Amino acid sequence: MSLLNILKFPDSRLRTVAEPVDNITGATRKLIEDMLETMYEAEGIGLAATQVNVHKRIIVIDIDKSDKNPIILVNPILEILDDSISPTEEGCLSVPEFTEIVDRPQNIRVTALDKRGQSFDFEPRGLLAVCVQHEIDHLNGKLFVDYLSPLKQTRLKKKLQKKLRYDDR
């Protein structure tokens, strides 16, 4: 397994819309394993392939950070089941050291393939539902900061650009 480089906001590659996975191959399974290793090393709970500059519709999630039963979503499809919304504090491995409250639907259904290519669906709740939506946004070229006001987005971008310049020294 290999650690992958996580793209950081405002890198324009994070805006790339991911393509569906046609076939789950050995290379796909290796990417999934590398994504899991990268997510655990970064102490995250979710990672989309877009974040590691692979523009395929693949997500790995483990909200327990236990490495016992990670959730693998290939070609996930999100269905919002009702209008109930829940505000939740979100962070992101691509937007380090920053969190913000984001309103997201509470009741969703997700249909996807697992790493063996088997179709399944489930209705995540709570933090898992938030994480799934957050990661699917990545596959669609969207970041949680897009839900913020333009003023907050500008401040965040300036803060992160300043940090990147400082870190490059």
# chains A, B, ... in the order shown; residues from 1 in each chain; ligands from 1
call {"tool": "residues_around", "arguments": {"residues": "range 143-160 of chain A", "least_positions_apart": "6", "cutoff": "7 Å", "atoms": "only C-alpha atoms", "output": "PyMOL selection string"}}
result
chain A and resi 10+102+134+137
call {"tool": "residues_around", "arguments": {"residues": "Ala112 in chain A", "least_positions_apart": "4", "cutoff": "12 Å", "atoms": "only C-alpha atoms", "output": "PyMOL selection string"}}
result
chain A and resi 20-21+57-60+71-79+116-123+132+136
call {"tool": "write_last_selection", "arguments": {"atoms": "N, CA and C atoms", "output": "CSV table (one decimal), in the first residue's frame"}}
result
chain,number,residue,atom,x,y,z
A,20,PRO,N,-17.5,7.8,-13.7
A,20,PRO,CA,-17.9,6.5,-13.1
A,20,PRO,C,-16.8,5.5,-13.4
A,21,VAL,N,-16.8,4.5,-12.5
A,21,VAL,CA,-15.8,3.4,-12.6
A,21,VAL,C,-16.6,2.4,-13.5
A,57,ARG,N,-15.3,7.8,-9.4
A,57,ARG,CA,-16.3,7.9,-8.4
A,57,ARG,C,-16.1,6.8,-7.3
A,58,ILE,N,-15.1,7.0,-6.5
A,58,ILE,CA,-14.8,6.1,-5.4
A,58,ILE,C,-14.7,6.9,-4.1
A,59,ILE,N,-15.2,6.3,-3.0
A,59,ILE,CA,-15.2,6.9,-1.7
A,59,ILE,C,-14.9,5.8,-0.7
A,60,VAL,N,-14.0,6.2,0.3
A,60,VAL,CA,-13.8,5.3,1.5
A,60,VAL,C,-14.2,6.1,2.7
A,71,ILE,N,-16.4,1.6,5.0
A,71,ILE,CA,-17.4,1.5,3.9
A,71,ILE,C,-16.7,2.0,2.6
A,72,ILE,N,-16.9,1.2,1.6
A,72,ILE,CA,-16.4,1.5,0.3
A,72,ILE,C,-17.6,1.8,-0.6
A,73,LEU,N,-17.6,2.9,-1.3
A,73,LEU,CA,-18.7,3.3,-2.2
A,73,LEU,C,-18.1,3.6,-3.6
A,74,VAL,N,-18.4,2.7,-4.5
A,74,VAL,CA,-18.0,2.9,-5.9
A,74,VAL,C,-19.3,3.3,-6.7
A,75,ASN,N,-19.2,4.4,-7.4
A,75,ASN,CA,-20.3,4.9,-8.2
A,75,ASN,C,-21.5,5.2,-7.3
A,76,PRO,N,-21.4,5.9,-6.2
A,76,PRO,CA,-22.5,6.1,-5.3
A,76,PRO,C,-23.5,7.0,-5.9
A,77,ILE,N,-24.8,6.7,-5.6
A,77,ILE,CA,-25.9,7.6,-6.1
A,77,ILE,C,-26.7,7.9,-4.8
A,78,LEU,N,-26.9,9.2,-4.6
A,78,LEU,CA,-27.6,9.8,-3.4
A,78,LEU,C,-29.0,10.1,-3.7
A,79,GLU,N,-29.9,9.7,-2.8
A,79,GLU,CA,-31.3,10.0,-2.9
A,79,GLU,C,-31.7,10.7,-1.6
A,116,ARG,N,-16.0,-5.4,-4.4
A,116,ARG,CA,-16.1,-6.6,-5.3
A,116,ARG,C,-17.1,-6.4,-6.4
A,117,GLY,N,-17.7,-5.2,-6.5
A,117,GLY,CA,-18.6,-4.9,-7.6
A,117,GLY,C,-20.0,-5.3,-7.4
A,118,GLN,N,-20.3,-5.6,-6.1
A,118,GLN,CA,-21.7,-6.0,-5.7
A,118,GLN,C,-22.5,-4.7,-5.4
A,119,SER,N,-23.7,-4.6,-5.9
A,119,SER,CA,-24.6,-3.4,-5.6
A,119,SER,C,-25.2,-3.6,-4.2
A,120,PHE,N,-25.3,-2.5,-3.5
A,120,PHE,CA,-26.0,-2.5,-2.3
A,120,PHE,C,-26.5,-1.1,-2.0
A,121,ASP,N,-27.5,-1.0,-1.1
A,121,ASP,CA,-28.0,0.3,-0.7
A,121,ASP,C,-28.2,0.4,0.8
A,122,PHE,N,-28.1,1.6,1.3
A,122,PHE,CA,-28.3,1.7,2.8
A,122,PHE,C,-28.8,3.2,3.0
A,123,GLU,N,-29.3,3.4,4.2
A,123,GLU,CA,-29.8,4.7,4.7
A,123,GLU,C,-29.1,5.1,5.9
A,132,VAL,N,-21.1,10.8,4.1
A,132,VAL,CA,-21.4,10.3,2.7
A,132,VAL,C,-21.7,11.5,1.8
A,136,ILE,N,-19.5,12.6,-1.5
A,136,ILE,CA,-20.2,12.6,-2.8
A,136,ILE,C,-20.0,14.0,-3.4
call {"tool": "residues_around", "arguments": {"residues": "Val52 in chain A", "least_positions_apart": "6", "cutoff": "10 Å", "atoms": "only C-alpha atoms", "output": "NGL selection string"}}
result
:A and (3-8 or 13-14 or 31 or 34-35 or 38 or 94)
call {"tool": "select_by_dssp", "arguments": {"residues": "chain A", "states": "helix (DSSP H, G or I)", "output": "VMD selection string"}}
result
chain A and resid 12 to 15 26 to 41 49 to 52 126 to 139 144 to 147 150 to 167
call {"tool": "residues_around", "arguments": {"residues": "Leu81 in chain A", "least_positions_apart": "2", "cutoff": "9 Å", "atoms": "only C-alpha atoms", "output": "list in words"}}
result
Glu79, Asp83, Ser84, Pro105, Gln106, Asn107, Ile108 and Arg109 of chain A
call {"tool": "closest_residue", "arguments": {"among": "A:Glu41, A:Glu89, A:Glu33, A:Asp82", "to": "Leu127 in chain A", "atoms": "only C-alpha atoms"}}
result
A:Glu89
call {"tool": "select_by_dssp", "arguments": {"residues": "chain A", "states": "strand (DSSP E or B)", "output": "JSON list (two decimals) with N, CA and C atoms, in the first residue's frame"}}
result
[["chain", "number", "residue", "atom", "x", "y", "z"],
["A", 19, "GLU", "N", -15.44, 10.67, -12.92],
["A", 19, "GLU", "CA", -16.08, 9.78, -13.89],
["A", 19, "GLU", "C", -16.47, 8.46, -13.22],
["A", 46, "GLY", "N", -13.31, 10.12, 6.10],
["A", 46, "GLY", "CA", -13.76, 9.89, 4.74],
["A", 46, "GLY", "C", -12.78, 10.48, 3.76],
["A", 47, "LEU", "N", -12.74, 9.89, 2.57],
["A", 47, "LEU", "CA", -11.85, 10.38, 1.52],
["A", 47, "LEU", "C", -12.44, 9.99, 0.17],
["A", 48, "ALA", "N", -12.51, 10.96, -0.72],
["A", 48, "ALA", "CA", -12.98, 10.73, -2.09],
["A", 48, "ALA", "C", -11.76, 10.68, -3.01],
["A", 56, "LYS", "N", -12.20, 9.40, -10.34],
["A", 56, "LYS", "CA", -13.12, 8.27, -10.45],
["A", 56, "LYS", "C", -14.08, 8.33, -9.26],
["A", 58, "ILE", "N", -15.13, 7.04, -6.45],
["A", 58, "ILE", "CA", -14.78, 6.11, -5.38],
["A", 58, "ILE", "C", -14.65, 6.89, -4.08],
["A", 59, "ILE", "N", -15.24, 6.32, -3.02],
["A", 59, "ILE", "CA", -15.20, 6.93, -1.69],
["A", 59, "ILE", "C", -14.85, 5.84, -0.68],
["A", 60, "VAL", "N", -14.05, 6.21, 0.31],
["A", 60, "VAL", "CA", -13.82, 5.34, 1.47],
["A", 60, "VAL", "C", -14.24, 6.11, 2.72],
["A", 61, "ILE", "N", -14.88, 5.40, 3.66],
["A", 61, "ILE", "CA", -15.37, 6.03, 4.89],
["A", 61, "ILE", "C", -15.16, 5.07, 6.05],
["A", 71, "ILE", "N", -16.36, 1.56, 4.97],
["A", 71, "ILE", "CA", -17.39, 1.54, 3.92],
["A", 71, "ILE", "C", -16.73, 1.98, 2.62],
["A", 72, "ILE", "N", -16.91, 1.19, 1.59],
["A", 72, "ILE", "CA", -16.39, 1.50, 0.26],
["A", 72, "ILE", "C", -17.59, 1.77, -0.64],
["A", 73, "LEU", "N", -17.58, 2.92, -1.28],
["A", 73, "LEU", "CA", -18.67, 3.30, -2.19],
["A", 73, "LEU", "C", -18.08, 3.56, -3.57],
["A", 74, "VAL", "N", -18.44, 2.74, -4.52],
["A", 74, "VAL", "CA", -18.03, 2.93, -5.91],
["A", 74, "VAL", "C", -19.28, 3.32, -6.69],
["A", 75, "ASN", "N", -19.17, 4.40, -7.43],
["A", 75, "ASN", "CA", -20.30, 4.95, -8.21],
["A", 75, "ASN", "C", -21.53, 5.20, -7.34],
["A", 76, "PRO", "N", -21.36, 5.90, -6.20],
["A", 76, "PRO", "CA", -22.50, 6.12, -5.32],
["A", 76, "PRO", "C", -23.55, 7.04, -5.94],
["A", 77, "ILE", "N", -24.80, 6.72, -5.64],
["A", 77, "ILE", "CA", -25.93, 7.56, -6.06],
["A", 77, "ILE", "C", -26.69, 7.93, -4.79],
["A", 78, "LEU", "N", -26.91, 9.21, -4.61],
["A", 78, "LEU", "CA", -27.57, 9.76, -3.43],
["A", 78, "LEU", "C", -29.02, 10.09, -3.73],
["A", 79, "GLU", "N", -29.90, 9.68, -2.84],
["A", 79, "GLU", "CA", -31.32, 10.03, -2.94],
["A", 79, "GLU", "C", -31.73, 10.69, -1.63],
["A", 80, "ILE", "N", -32.27, 11.89, -1.71],
["A", 80, "ILE", "CA", -32.76, 12.60, -0.53],
["A", 80, "ILE", "C", -34.20, 12.13, -0.29],
["A", 85, "ILE", "N", -33.59, 18.83, 7.50],
["A", 85, "ILE", "CA", -32.22, 19.33, 7.40],
["A", 85, "ILE", "C", -31.59, 19.35, 8.79],
["A", 86, "SER", "N", -30.31, 19.06, 8.84],
["A", 86, "SER", "CA", -29.59, 19.08, 10.11],
["A", 86, "SER", "C", -28.29, 19.87, 9.96],
["A", 87, "PRO", "N", -28.06, 20.84, 10.85],
["A", 87, "PRO", "CA", -26.78, 21.55, 10.83],
["A", 87, "PRO", "C", -25.71, 20.72, 11.55],
["A", 88, "THR", "N", -24.56, 20.58, 10.92],
["A", 88, "THR", "CA", -23.47, 19.79, 11.50],
["A", 88, "THR", "C", -22.15, 20.49, 11.21],
["A", 89, "GLU", "N", -21.25, 20.44, 12.19],
["A", 89, "GLU", "CA", -19.92, 21.00, 11.99],
["A", 89, "GLU", "C", -19.12, 20.04, 11.11],
["A", 90, "GLU", "N", -18.57, 20.57, 10.02],
["A", 90, "GLU", "CA", -17.80, 19.76, 9.09],
["A", 90, "GLU", "C", -16.38, 20.28, 8.97],
["A", 91, "GLY", "N", -15.49, 19.33, 8.74],
["A", 91, "GLY", "CA", -14.11, 19.64, 8.41],
["A", 91, "GLY", "C", -13.75, 18.81, 7.19],
["A", 92, "CYS", "N", -12.52, 18.96, 6.71],
["A", 92, "CYS", "CA", -12.14, 18.27, 5.48],
["A", 92, "CYS", "C", -10.63, 18.13, 5.41],
["A", 95, "VAL", "N", -9.19, 20.77, 3.38],
["A", 95, "VAL", "CA", -9.30, 22.13, 3.93],
["A", 95, "VAL", "C", -8.84, 22.03, 5.39],
["A", 96, "PRO", "N", -7.55, 21.84, 5.59],
["A", 96, "PRO", "CA", -7.05, 21.55, 6.94],
["A", 96, "PRO", "C", -7.25, 22.69, 7.93],
["A", 97, "GLU", "N", -7.46, 22.29, 9.18],
["A", 97, "GLU", "CA", -7.55, 23.23, 10.30],
["A", 97, "GLU", "C", -8.71, 24.21, 10.19],
["A", 98, "PHE", "N", -9.79, 23.81, 9.54],
["A", 98, "PHE", "CA", -10.93, 24.69, 9.39],
["A", 98, "PHE", "C", -12.20, 23.86, 9.47],
["A", 99, "THR", "N", -13.14, 24.30, 10.28],
["A", 99, "THR", "CA", -14.46, 23.67, 10.35],
["A", 99, "THR", "C", -15.53, 24.74, 10.25],
["A", 100, "GLU", "N", -16.71, 24.31, 9.83],
["A", 100, "GLU", "CA", -17.84, 25.24, 9.73],
["A", 100, "GLU", "C", -19.13, 24.44, 9.77],
["A", 101, "ILE", "N", -20.19, 25.10, 10.18],
["A", 101, "ILE", "CA", -21.51, 24.47, 10.23],
["A", 101, "ILE", "C", -22.09, 24.45, 8.81],
["A", 102, "VAL", "N", -22.56, 23.26, 8.40],
["A", 102, "VAL", "CA", -23.18, 23.08, 7.09],
["A", 102, "VAL", "C", -24.53, 22.39, 7.30],
["A", 103, "ASP", "N", -25.56, 22.89, 6.62],
["A", 103, "ASP", "CA", -26.88, 22.26, 6.67],
["A", 103, "ASP", "C", -26.97, 21.20, 5.59],
["A", 104, "ARG", "N", -27.35, 19.99, 6.00],
["A", 104, "ARG", "CA", -27.48, 18.89, 5.04],
["A", 104, "ARG", "C", -28.75, 18.11, 5.33],
["A", 105, "PRO", "N", -29.30, 17.44, 4.30],
["A", 105, "PRO", "CA", -30.45, 16.57, 4.53],
["A", 105, "PRO", "C", -30.11, 15.48, 5.55],
["A", 108, "ILE", "N", -31.38, 10.18, 3.94],
["A", 108, "ILE", "CA", -30.91, 9.89, 2.58],
["A", 108, "ILE", "C", -30.82, 8.38, 2.37],
["A", 109, "ARG", "N", -30.77, 8.01, 1.12],
["A", 109, "ARG", "CA", -30.49, 6.63, 0.73],
["A", 109, "ARG", "C", -29.34, 6.68, -0.27],
["A", 110, "VAL", "N", -28.45, 5.73, -0.14],
["A", 110, "VAL", "CA", -27.29, 5.65, -1.04],
["A", 110, "VAL", "C", -27.28, 4.27, -1.68],
["A", 111, "THR", "N", -27.09, 4.26, -2.99],
["A", 111, "THR", "CA", -26.90, 3.03, -3.74],
["A", 111, "THR", "C", -25.49, 3.09, -4.33],
["A", 112, "ALA", "N", -24.74, 1.99, -4.21],
["A", 112, "ALA", "CA", -23.35, 1.99, -4.70],
["A", 112, "ALA", "C", -22.92, 0.55, -4.96],
["A", 113, "LEU", "N", -21.71, 0.42, -5.46],
["A", 113, "LEU", "CA", -21.05, -0.87, -5.57],
["A", 113, "LEU", "C", -20.02, -0.97, -4.45],
["A", 119, "SER", "N", -23.69, -4.60, -5.91],
["A", 119, "SER", "CA", -24.55, -3.45, -5.63],
["A", 119, "SER", "C", -25.18, -3.59, -4.25],
["A", 120, "PHE", "N", -25.28, -2.47, -3.54],
["A", 120, "PHE", "CA", -25.97, -2.45, -2.26],
["A", 120, "PHE", "C", -26.54, -1.07, -2.03],
["A", 121, "ASP", "N", -27.48, -0.96, -1.11],
["A", 121, "ASP", "CA", -27.98, 0.35, -0.72],
["A", 121, "ASP", "C", -28.17, 0.37, 0.78],
["A", 122, "PHE", "N", -28.14, 1.57, 1.33],
["A", 122, "PHE", "CA", -28.33, 1.75, 2.76],
["A", 122, "PHE", "C", -28.82, 3.17, 3.03]]
call {"tool": "closest_residue", "arguments": {"among": "A:Val54, A:Ser12, A:Lys115, A:Lys65", "to": "Thr25 in chain A", "atoms": "only C-alpha atoms"}}
result
A:Lys115
call {"tool": "atom_distance", "arguments": {"atom1": "CA of Cys131 in chain A", "atom2": "CA of Gly26 in chain A"}}
result
26.1 Å
call {"tool": "atom_distance", "arguments": {"atom1": "CA of Glu43 in chain A", "atom2": "CA of Lys68 in chain A"}}
result
14.9 Å
call {"tool": "decode", "arguments": {"residues": "range 29-41 of chain A", "atoms": "N, CA and C atoms", "output": "JSON list (two decimals), in the first residue's frame"}}
result
[["chain", "number", "residue", "atom", "x", "y", "z"],
["A", 29, "ARG", "N", -9.00, -1.88, -6.76],
["A", 29, "ARG", "CA", -8.91, -2.35, -5.38],
["A", 29, "ARG", "C", -7.63, -1.83, -4.70],
["A", 30, "LYS", "N", -6.53, -1.74, -5.45],
["A", 30, "LYS", "CA", -5.30, -1.17, -4.88],
["A", 30, "LYS", "C", -5.51, 0.30, -4.54],
["A", 31, "LEU", "N", -6.17, 1.04, -5.43],
["A", 31, "LEU", "CA", -6.47, 2.44, -5.15],
["A", 31, "LEU", "C", -7.30, 2.56, -3.88],
["A", 32, "ILE", "N", -8.30, 1.70, -3.73],
["A", 32, "ILE", "CA", -9.15, 1.73, -2.53],
["A", 32, "ILE", "C", -8.30, 1.49, -1.28],
["A", 33, "GLU", "N", -7.40, 0.51, -1.32],
["A", 33, "GLU", "CA", -6.53, 0.23, -0.17],
["A", 33, "GLU", "C", -5.60, 1.41, 0.12],
["A", 34, "ASP", "N", -5.06, 2.03, -0.94],
["A", 34, "ASP", "CA", -4.19, 3.20, -0.76],
["A", 34, "ASP", "C", -4.98, 4.37, -0.18],
["A", 35, "MET", "N", -6.23, 4.53, -0.63],
["A", 35, "MET", "CA", -7.08, 5.61, -0.09],
["A", 35, "MET", "C", -7.37, 5.38, 1.39],
["A", 36, "LEU", "N", -7.65, 4.13, 1.75],
["A", 36, "LEU", "CA", -7.90, 3.83, 3.17],
["A", 36, "LEU", "C", -6.65, 4.14, 4.00],
["A", 37, "GLU", "N", -5.49, 3.68, 3.54],
["A", 37, "GLU", "CA", -4.25, 3.95, 4.27],
["A", 37, "GLU", "C", -4.02, 5.45, 4.42],
["A", 38, "THR", "N", -4.26, 6.19, 3.35],
["A", 38, "THR", "CA", -4.08, 7.65, 3.36],
["A", 38, "THR", "C", -5.05, 8.30, 4.34],
["A", 39, "MET", "N", -6.31, 7.88, 4.31],
["A", 39, "MET", "CA", -7.32, 8.44, 5.21],
["A", 39, "MET", "C", -6.95, 8.18, 6.66],
["A", 40, "TYR", "N", -6.58, 6.95, 6.99],
["A", 40, "TYR", "CA", -6.21, 6.63, 8.38],
["A", 40, "TYR", "C", -4.98, 7.41, 8.82],
["A", 41, "GLU", "N", -3.98, 7.50, 7.94],
["A", 41, "GLU", "CA", -2.76, 8.25, 8.28],
["A", 41, "GLU", "C", -3.07, 9.72, 8.55]]
